[in-house]
>>> print(open('entry27.json').read())   # JSON, C-alpha atoms
[["chain", "number", "residue", "atom", "x", "y", "z"],
["A", 1, "MET", "CA", 21.21, -5.97, 22.50],
["A", 2, "SER", "CA", 18.20, -8.23, 21.88],
["A", 3, "PRO", "CA", 19.36, -11.16, 24.06],
["A", 4, "LEU", "CA", 20.23, -8.76, 26.88],
["A", 5, "VAL", "CA", 16.76, -7.19, 26.83],
["A", 6, "LEU", "CA", 15.10, -10.61, 26.73],
["A", 7, "CYS", "CA", 16.89, -11.81, 29.82],
["A", 8, "LEU", "CA", 16.26, -8.51, 31.60],
["A", 9, "LEU", "CA", 12.55, -9.09, 31.05],
["A", 10, "ASP", "CA", 12.81, -12.11, 33.36],
["A", 11, "GLY", "CA", 14.73, -10.07, 35.90],
["A", 12, "ASN", "CA", 17.86, -12.22, 35.95],
["A", 13, "CYS", "CA", 20.58, -12.69, 33.36],
["A", 14, "ALA", "CA", 22.84, -14.94, 35.41],
["A", 15, "GLY", "CA", 23.50, -18.33, 33.94],
["A", 16, "VAL", "CA", 21.13, -17.83, 31.01],
["A", 17, "THR", "CA", 22.05, -19.04, 27.56],
["A", 18, "PHE", "CA", 20.20, -17.48, 24.64],
["A", 19, "THR", "CA", 19.67, -18.96, 21.25],
["A", 20, "SER", "CA", 19.83, -16.83, 18.13],
["A", 21, "LEU", "CA", 16.09, -17.39, 17.65],
["A", 22, "GLN", "CA", 15.21, -15.55, 20.85],
["A", 23, "GLY", "CA", 16.74, -12.29, 19.65],
["A", 24, "MET", "CA", 15.61, -12.59, 16.05],
["A", 25, "TYR", "CA", 12.26, -10.79, 16.44],
["A", 26, "SER", "CA", 13.63, -7.30, 16.93],
["A", 27, "ARG", "CA", 16.48, -7.89, 14.49],
["A", 28, "VAL", "CA", 14.11, -8.85, 11.68],
["A", 29, "ILE", "CA", 12.00, -5.73, 12.25],
["A", 30, "ALA", "CA", 15.06, -3.48, 12.47],
["A", 31, "MET", "CA", 16.67, -4.92, 9.34],
["A", 32, "ALA", "CA", 13.45, -4.79, 7.31],
["A", 33, "CYS", "CA", 12.78, -1.19, 8.38],
["A", 34, "PHE", "CA", 16.35, -0.13, 7.59],
["A", 35, "LEU", "CA", 16.35, -1.71, 4.13],
["A", 36, "SER", "CA", 12.90, -0.31, 3.29],
["A", 37, "LEU", "CA", 13.78, 3.23, 4.29],
["A", 38, "SER", "CA", 17.19, 3.03, 2.60],
["A", 39, "THR", "CA", 15.62, 1.92, -0.66],
["A", 40, "LEU", "CA", 12.98, 4.64, -0.56],
["A", 41, "LEU", "CA", 15.48, 7.36, 0.31],
["A", 42, "CYS", "CA", 17.77, 6.31, -2.54],
["A", 43, "LYS", "CA", 15.03, 6.15, -5.18],
["A", 44, "TYR", "CA", 12.30, 8.54, -4.03],
["A", 45, "SER", "CA", 13.96, 11.82, -5.02],
["A", 46, "THR", "CA", 14.63, 10.65, -8.58],
["A", 47, "MET", "CA", 11.62, 8.46, -9.33],
["A", 48, "MET", "CA", 8.74, 10.20, -7.59],
["A", 49, "PRO", "CA", 9.01, 13.44, -9.64],
["A", 50, "VAL", "CA", 8.75, 11.34, -12.82],
["A", 51, "PHE", "CA", 5.75, 9.54, -11.35],
["A", 52, "ASP", "CA", 4.08, 12.87, -10.53],
["A", 53, "LYS", "CA", 4.72, 14.18, -14.06],
["A", 54, "ASN", "CA", 3.02, 11.12, -15.54],
["A", 55, "ILE", "CA", 0.00, 11.66, -13.32],
["A", 56, "GLU", "CA", -0.12, 15.36, -14.22],
["A", 57, "ALA", "CA", 0.03, 14.52, -17.92],
["A", 58, "TYR", "CA", -2.80, 12.03, -17.45],
["A", 59, "GLU", "CA", -4.88, 14.67, -15.67],
["A", 60, "VAL", "CA", -4.76, 16.80, -18.84],
["A", 61, "TYR", "CA", -6.76, 14.14, -20.70],
["A", 62, "SER", "CA", -8.93, 12.94, -17.81],
["A", 63, "PRO", "CA", -9.02, 15.27, -14.78],
["A", 64, "THR", "CA", -9.80, 13.86, -11.36],
["A", 65, "THR", "CA", -13.10, 15.19, -10.07],
["A", 66, "ASN", "CA", -13.70, 16.60, -6.61],
["A", 67, "THR", "CA", -15.72, 13.50, -5.75],
["A", 68, "GLU", "CA", -12.82, 11.26, -6.68],
["A", 69, "HIS", "CA", -10.41, 13.36, -4.61],
["A", 70, "ARG", "CA", -12.77, 13.05, -1.66],
["A", 71, "ASN", "CA", -13.02, 9.27, -2.13],
["A", 72, "HIS", "CA", -9.23, 8.98, -2.21],
["A", 73, "SER", "CA", -8.96, 10.97, 1.01],
["A", 74, "LEU", "CA", -11.65, 8.87, 2.70],
["A", 75, "PHE", "CA", -9.91, 5.67, 1.63],
["A", 76, "PHE", "CA", -6.60, 6.90, 3.04],
["A", 77, "LEU", "CA", -8.29, 7.95, 6.29],
["A", 78, "PHE", "CA", -10.06, 4.60, 6.61],
["A", 79, "LEU", "CA", -6.86, 2.64, 5.99],
["A", 80, "ALA", "CA", -4.81, 4.76, 8.39],
["A", 81, "VAL", "CA", -7.43, 4.47, 11.16],
["A", 82, "LEU", "CA", -7.75, 0.72, 10.59],
["A", 83, "ASN", "CA", -4.01, 0.11, 10.85],
["A", 84, "MET", "CA", -3.47, 2.37, 13.84],
["A", 85, "SER", "CA", -6.46, 0.86, 15.66],
["A", 86, "VAL", "CA", -4.82, -2.57, 15.66],
["A", 87, "ILE", "CA", -1.26, -1.34, 16.28],
["A", 88, "LEU", "CA", -1.29, 1.53, 18.77],
["A", 89, "PRO", "CA", -3.67, 0.26, 21.52],
["A", 90, "ILE", "CA", -1.98, -3.09, 22.03],
["A", 91, "ASN", "CA", 1.53, -1.61, 21.91],
["A", 92, "VAL", "CA", 0.65, 1.19, 24.32],
["A", 93, "LEU", "CA", -1.00, -1.33, 26.66],
["A", 94, "ARG", "CA", 2.10, -3.47, 26.68],
["A", 95, "LEU", "CA", 4.36, -0.50, 27.39],
["A", 96, "ILE", "CA", 2.09, 0.52, 30.27],
["A", 97, "LEU", "CA", 2.26, -2.99, 31.76],
["A", 98, "MET", "CA", 6.03, -3.00, 31.40],
["A", 99, "TYR", "CA", 6.27, 0.41, 33.08],
["A", 100, "ARG", "CA", 4.06, -0.66, 35.98],
["A", 101, "SER", "CA", 6.12, -3.83, 36.47],
["A", 102, "ASP", "CA", 9.31, -1.74, 36.76],
["A", 103, "SER", "CA", 10.94, -3.38, 33.76],
["A", 104, "GLY", "CA", 13.58, -0.69, 33.56],
["A", 105, "SER", "CA", 14.27, 2.26, 31.29],
["A", 106, "LEU", "CA", 16.50, 0.24, 28.95],
["A", 107, "ILE", "CA", 13.73, -2.24, 28.20],
["A", 108, "LEU", "CA", 11.14, 0.50, 27.69],
["A", 109, "VAL", "CA", 13.37, 2.42, 25.27],
["A", 110, "PHE", "CA", 14.16, -0.80, 23.39],
["A", 111, "PHE", "CA", 10.49, -1.65, 22.86],
["A", 112, "VAL", "CA", 9.51, 1.94, 22.03],
["A", 113, "PHE", "CA", 12.03, 1.99, 19.20],
["A", 114, "MET", "CA", 10.97, -1.47, 18.03],
["A", 115, "TYR", "CA", 7.32, -0.40, 17.89],
["A", 116, "LEU", "CA", 8.27, 2.82, 16.08],
["A", 117, "GLU", "CA", 10.06, 0.74, 13.45],
["A", 118, "ASN", "CA", 6.92, -1.34, 13.04],
["A", 119, "ILE", "CA", 4.82, 1.82, 12.60],
["A", 120, "VAL", "CA", 7.27, 3.16, 10.00],
["A", 121, "MET", "CA", 6.86, -0.08, 8.04],
["A", 122, "CYS", "CA", 3.09, 0.28, 8.28],
["A", 123, "VAL", "CA", 3.21, 3.89, 7.04],
["A", 124, "ILE", "CA", 5.23, 2.81, 3.98],
["A", 125, "GLU", "CA", 2.71, 0.06, 3.28],
["A", 126, "THR", "CA", -0.21, 2.48, 3.64],
["A", 127, "TYR", "CA", 1.35, 4.93, 1.19],
["A", 128, "PHE", "CA", 1.89, 2.14, -1.35],
["A", 129, "ILE", "CA", -1.70, 0.91, -1.00],
["A", 130, "VAL", "CA", -3.09, 4.43, -1.50],
["A", 131, "MET", "CA", -0.97, 4.86, -4.65],
["A", 132, "CYS", "CA", -2.23, 1.51, -5.94],
["A", 133, "TYR", "CA", -5.80, 2.56, -5.22],
["A", 134, "LYS", "CA", -5.40, 5.76, -7.24],
["A", 135, "LEU", "CA", -3.80, 3.95, -10.19],
["A", 136, "ASP", "CA", -6.42, 1.21, -10.03],
["A", 137, "HIS", "CA", -9.17, 3.83, -10.27],
["A", 138, "LYS", "CA", -7.51, 5.50, -13.26],
["A", 139, "PHE", "CA", -7.19, 2.17, -15.04],
["A", 140, "PHE", "CA", -10.84, 1.52, -14.25],
["A", 141, "LYS", "CA", -11.80, 4.81, -15.93],
["A", 142, "ILE", "CA", -9.74, 3.92, -19.01],
["A", 143, "ASN", "CA", -11.38, 0.48, -19.19],
["A", 144, "ARG", "CA", -14.81, 2.07, -18.85],
["A", 145, "ASP", "CA", -14.15, 4.59, -21.64],
["A", 146, "LEU", "CA", -12.71, 1.86, -23.84],
["A", 147, "GLU", "CA", -15.79, -0.29, -23.27],
["A", 148, "ARG", "CA", -18.07, 2.63, -24.16],
["A", 149, "LEU", "CA", -16.01, 3.27, -27.27],
["A", 150, "GLY", "CA", -16.57, -0.34, -28.26],
["A", 151, "TRP", "CA", -20.32, 0.09, -27.80],
["A", 152, "GLU", "CA", -20.23, 3.22, -29.94],
["A", 153, "ILE", "CA", -18.56, 1.27, -32.74],
["A", 154, "VAL", "CA", -21.22, -1.42, -32.51],
["A", 155, "LYS", "CA", -24.08, 1.05, -32.01],
["A", 156, "PRO", "CA", -23.24, 4.49, -33.43],
["A", 157, "SER", "CA", -26.32, 6.09, -31.86],
["A", 158, "MET", "CA", -24.75, 5.48, -28.43],
["A", 159, "SER", "CA", -22.22, 8.30, -28.23],
["A", 160, "ILE", "CA", -19.28, 7.94, -25.89],
["A", 161, "PHE", "CA", -19.05, 11.71, -25.61],
["A", 162, "GLU", "CA", -22.61, 12.17, -24.35],
["A", 163, "ASN", "CA", -22.30, 9.32, -21.88],
["A", 164, "THR", "CA", -19.01, 10.49, -20.42],
["A", 165, "VAL", "CA", -20.23, 14.06, -19.98],
["A", 166, "ALA", "CA", -23.42, 12.87, -18.31],
["A", 167, "VAL", "CA", -21.49, 11.22, -15.44],
["A", 168, "GLY", "CA", -18.92, 13.97, -15.09],
["A", 169, "HIS", "CA", -16.05, 12.20, -16.89],
["A", 170, "ARG", "CA", -14.84, 13.12, -20.32],
["A", 171, "VAL", "CA", -11.86, 12.45, -22.52],
["A", 172, "VAL", "CA", -10.52, 15.89, -23.42],
["A", 173, "TYR", "CA", -9.72, 16.45, -27.10],
["A", 174, "HIS", "CA", -7.41, 19.17, -28.41],
["A", 175, "GLY", "CA", -8.15, 18.96, -32.10],
["A", 176, "ASP", "CA", -8.76, 15.86, -34.16],
["A", 177, "PHE", "CA", -6.24, 13.66, -35.91],
["A", 178, "TYR", "CA", -8.36, 13.51, -39.06],
["A", 179, "GLY", "CA", -10.43, 16.67, -38.94],
["A", 180, "PRO", "CA", -10.47, 19.82, -36.80],
["A", 181, "ASN", "CA", -14.20, 19.72, -36.12],
["A", 182, "ASP", "CA", -14.80, 15.98, -36.01],
["A", 183, "TYR", "CA", -14.66, 13.89, -32.83],
["A", 184, "SER", "CA", -13.67, 10.67, -34.54],
["A", 185, "ILE", "CA", -13.41, 7.20, -33.02],
["A", 186, "ALA", "CA", -9.78, 7.08, -34.14],
["A", 187, "ASN", "CA", -9.08, 10.21, -32.12],
["A", 188, "ALA", "CA", -10.81, 8.80, -29.03],
["A", 189, "MET", "CA", -8.84, 5.57, -29.33],
["A", 190, "GLU", "CA", -5.56, 7.45, -29.59],
["A", 191, "ILE", "CA", -6.37, 9.47, -26.47],
["A", 192, "ILE", "CA", -7.13, 6.27, -24.58],
["A", 193, "ARG", "CA", -3.80, 4.83, -25.69],
["A", 194, "ILE", "CA", -2.00, 7.93, -24.42],
["A", 195, "ARG", "CA", -3.75, 7.68, -21.06],
["A", 196, "HIS", "CA", -2.89, 4.00, -20.85],
["A", 197, "ARG", "CA", 0.78, 4.63, -21.62],
["A", 198, "LEU", "CA", 1.05, 7.36, -18.98],
["A", 199, "ILE", "CA", -0.51, 5.26, -16.22],
["A", 200, "ARG", "CA", 1.35, 2.13, -17.32],
["A", 201, "ASP", "CA", 4.66, 4.00, -16.97],
["A", 202, "ALA", "CA", 3.51, 5.24, -13.56],
["A", 203, "VAL", "CA", 2.86, 1.63, -12.51],
["A", 204, "TYR", "CA", 6.36, 0.60, -13.59],
["A", 205, "LEU", "CA", 7.83, 3.45, -11.53],
["A", 206, "LEU", "CA", 5.74, 2.44, -8.52],
["A", 207, "ILE", "CA", 6.88, -1.17, -8.81],
["A", 208, "ASP", "CA", 10.52, -0.12, -9.04],
["A", 209, "LEU", "CA", 10.17, 2.22, -6.07],
["A", 210, "PHE", "CA", 8.19, -0.05, -3.74],
["A", 211, "GLY", "CA", 9.23, -3.50, -4.95],
["A", 212, "ILE", "CA", 11.88, -4.10, -2.29],
["A", 213, "PRO", "CA", 10.01, -2.42, 0.61],
["A", 214, "MET", "CA", 6.80, -4.34, -0.09],
["A", 215, "GLY", "CA", 8.71, -7.59, -0.53],
["A", 216, "LEU", "CA", 10.33, -7.04, 2.86],
["A", 217, "SER", "CA", 6.98, -6.15, 4.41],
["A", 218, "LEU", "CA", 5.29, -9.30, 3.11],
["A", 219, "PHE", "CA", 8.23, -11.42, 4.28],
["A", 220, "THR", "CA", 8.15, -9.79, 7.71],
["A", 221, "LEU", "CA", 4.38, -10.15, 8.03],
["A", 222, "CYS", "CA", 4.70, -13.86, 7.28],
["A", 223, "VAL", "CA", 7.60, -14.47, 9.68],
["A", 224, "MET", "CA", 6.49, -12.34, 12.63],
["A", 225, "PRO", "CA", 3.49, -14.52, 13.55],
["A", 226, "LEU", "CA", 5.84, -17.49, 13.91],
["A", 227, "PHE", "CA", 8.04, -15.58, 16.35],
["A", 228, "ASP", "CA", 5.02, -14.30, 18.29],
["A", 229, "ILE", "CA", 3.62, -17.81, 18.66],
["A", 230, "TYR", "CA", 7.02, -19.17, 19.69],
["A", 231, "TYR", "CA", 7.55, -16.41, 22.25],
["A", 232, "GLN", "CA", 4.02, -16.86, 23.61],
["A", 233, "VAL", "CA", 4.30, -20.63, 23.97],
["A", 234, "PHE", "CA", 7.72, -20.52, 25.66],
["A", 235, "ASN", "CA", 7.07, -17.24, 27.53],
["A", 236, "VAL", "CA", 10.24, -15.68, 26.16],
["A", 237, "MET", "CA", 9.07, -12.04, 26.29],
["A", 238, "GLY", "CA", 8.24, -11.98, 30.01],
["A", 239, "SER", "CA", 5.08, -11.62, 32.05],
["A", 240, "SER", "CA", 3.99, -8.41, 30.30],
["A", 241, "SER", "CA", 3.25, -10.44, 27.16],
["A", 242, "ARG", "CA", 1.49, -13.43, 28.71],
["A", 243, "PRO", "CA", -2.16, -12.32, 28.22],
["A", 244, "LEU", "CA", -3.59, -13.96, 25.11],
["A", 245, "ILE", "CA", -5.00, -10.63, 23.94],
["A", 246, "PHE", "CA", -1.50, -9.71, 22.79],
["A", 247, "ILE", "CA", -1.04, -12.68, 20.46],
["A", 248, "TYR", "CA", -4.55, -12.28, 19.04],
["A", 249, "MET", "CA", -4.09, -8.57, 18.32],
["A", 250, "TRP", "CA", -0.66, -9.07, 16.78],
["A", 251, "LEU", "CA", -1.98, -11.81, 14.51],
["A", 252, "LEU", "CA", -4.90, -9.57, 13.54],
["A", 253, "GLN", "CA", -2.49, -6.75, 12.75],
["A", 254, "TYR", "CA", -0.31, -8.92, 10.52],
["A", 255, "SER", "CA", -3.34, -10.38, 8.74],
["A", 256, "ILE", "CA", -4.87, -6.99, 7.95],
["A", 257, "ARG", "CA", -1.62, -5.51, 6.68],
["A", 258, "PHE", "CA", -0.79, -8.56, 4.56],
["A", 259, "TYR", "CA", -4.30, -8.72, 3.12],
["A", 260, "THR", "CA", -4.47, -5.03, 2.16],
["A", 261, "ILE", "CA", -1.09, -5.12, 0.40],
["A", 262, "VAL", "CA", -1.94, -8.23, -1.60],
["A", 263, "VAL", "CA", -5.46, -7.09, -2.51],
["A", 264, "ALA", "CA", -4.30, -3.62, -3.60],
["A", 265, "ALA", "CA", -1.56, -5.02, -5.83],
["A", 266, "ASP", "CA", -3.85, -7.73, -7.20],
["A", 267, "ASN", "CA", -6.68, -5.32, -8.09],
["A", 268, "THR", "CA", -4.31, -2.98, -9.91],
["A", 269, "THR", "CA", -2.75, -5.88, -11.80],
["A", 270, "LYS", "CA", -6.18, -7.12, -12.88],
["A", 271, "GLN", "CA", -7.13, -3.71, -14.27],
["A", 272, "VAL", "CA", -3.80, -3.50, -16.13],
["A", 273, "ASN", "CA", -4.22, -6.96, -17.64],
["A", 274, "LEU", "CA", -7.83, -6.27, -18.63],
["A", 275, "LEU", "CA", -6.89, -3.04, -20.38],
["A", 276, "SER", "CA", -3.88, -4.58, -22.13],
["A", 277, "ALA", "CA", -6.05, -7.41, -23.46],
["A", 278, "ARG", "CA", -8.65, -4.95, -24.79],
["A", 279, "LEU", "CA", -6.05, -2.74, -26.47],
["A", 280, "GLU", "CA", -4.45, -5.75, -28.15],
["A", 281, "ILE", "CA", -7.81, -6.75, -29.54]]
>>> encode(input="entry27.json", output="structure tokens")
Amino acid sequence: MSPLVLCLLDGNCAGVTFTSLQGMYSRVIAMACFLSLSTLLCKYSTMMPVFDKNIEAYEVYSPTTNTEHRNHSLFFLFLAVLNMSVILPINVLRLILMYRSDSGSLILVFFVFMYLENIVMCVIETYFIVMCYKLDHKFFKINRDLERLGWEIVKPSMSIFENTVAVGHRVVYHGDFYGPNDYSIANAMEIIRIRHRLIRDAVYLLIDLFGIPMGLSLFTLCVMPLFDIYYQVFNVMGSSSRPLIFIYMWLLQYSIRFYTIVVAADNTTKQVNLLSARLEI
């Protein structure tokens, strides 16, 4: 259907020969969206409950405060508004121009579905980034408590328990491994190891669940700019796409989405590596 829509955009399909490259744009988006959703639907129902149980078990030892919940919600809101602000306006503008130029109902339906597929991909990416942000913050708390525990070993007068309570965070202890009334360093270290194991397992589940969708997203975000530039230079997509504002906004969209995925994954990986190195020491 892609070649047909492309020639309809020019108003005449007679005597037109289309290369496979001209119809590849919509096919890449459709295939990436289909594979991403298929992977999530196959794995989500079995893996996400296990992920949630790990997070709930972690919350027993280090509950998330109301401030942290609010920060997570604000981060999600900021990311959603940022993505939609660079996706919806330019897509709606293009659909309006196509409607005013009497492009035809077939073309409008084709592009509406293509843009919806793009939004679905963006929603999956946003959900992954928010999950990474939450795990990154939990690893940060573990690293902070581990660092304070190290200071307590070096300087016993600096109590990890007093410091954690003072800022609203505390490792919860249900009895001591060596004495019922003694908050020992060995007990604190064991609790930190438990928290690390729970969040580490959650990271593995997240990687298994979102590995293929995020790989497809990164591939698509790298390839789509090439198609957009090609279509713009050779005017493949018709007069409704000729203004340069379209190519600039699409490139901005791809850059923001690619950057946020990479940064979120990289920050979480850094926290994991830092904690693993400290625990090995």
>>> closest_residue(input="entry27.json", among="A:Val112, A:Ile119, A:Leu244, A:Leu35", to="Asn83 (chain A)", atoms="all atoms listed in the file")
A:Ile119
>>> atom_distance(input="entry27.json", atom1="CA of Ile245 (chain A)", atom2="CA of Ala264 (chain A)")
28.4 Å
>>> closest_atom_pairs(input="entry27.json", of="region 31-145 of chain A", to="region 189-194 of chain A", cutoff="8 Å", atoms="all atoms listed in the file", output="Markdown table")
| residue | atom | partner | partner_atom | distance |
| --- | --- | --- | --- | --- |
| A:Tyr61 | CA | A:Ile191 | CA | 7.4 |
| A:Ile142 | CA | A:Ile192 | CA | 6.6 |
| A:Asp145 | CA | A:Ile192 | CA | 7.8 |
>>> closest_residue(input="entry27.json", among="A:Ile199, A:Gln253, A:Ile207, A:Tyr115", to="Phe140 (chain A)", atoms="all atoms listed in the file")
A:Ile199
>>> closest_residue(input="entry27.json", among="A:Leu216, A:Leu209, A:Val263, A:Ile247", to="Ser45 (chain A)", atoms="all atoms listed in the file")
A:Leu209
>>> atom_distance(input="entry27.json", atom1="CA of Met84 (chain A)", atom2="CA of Met121 (chain A)")
12.1 Å
>>> closest_residue(input="entry27.json", among="A:Tyr44, A:Phe110, A:Phe139, A:Tyr127", to="Leu198 (chain A)", atoms="all atoms listed in the file")
A:Phe139
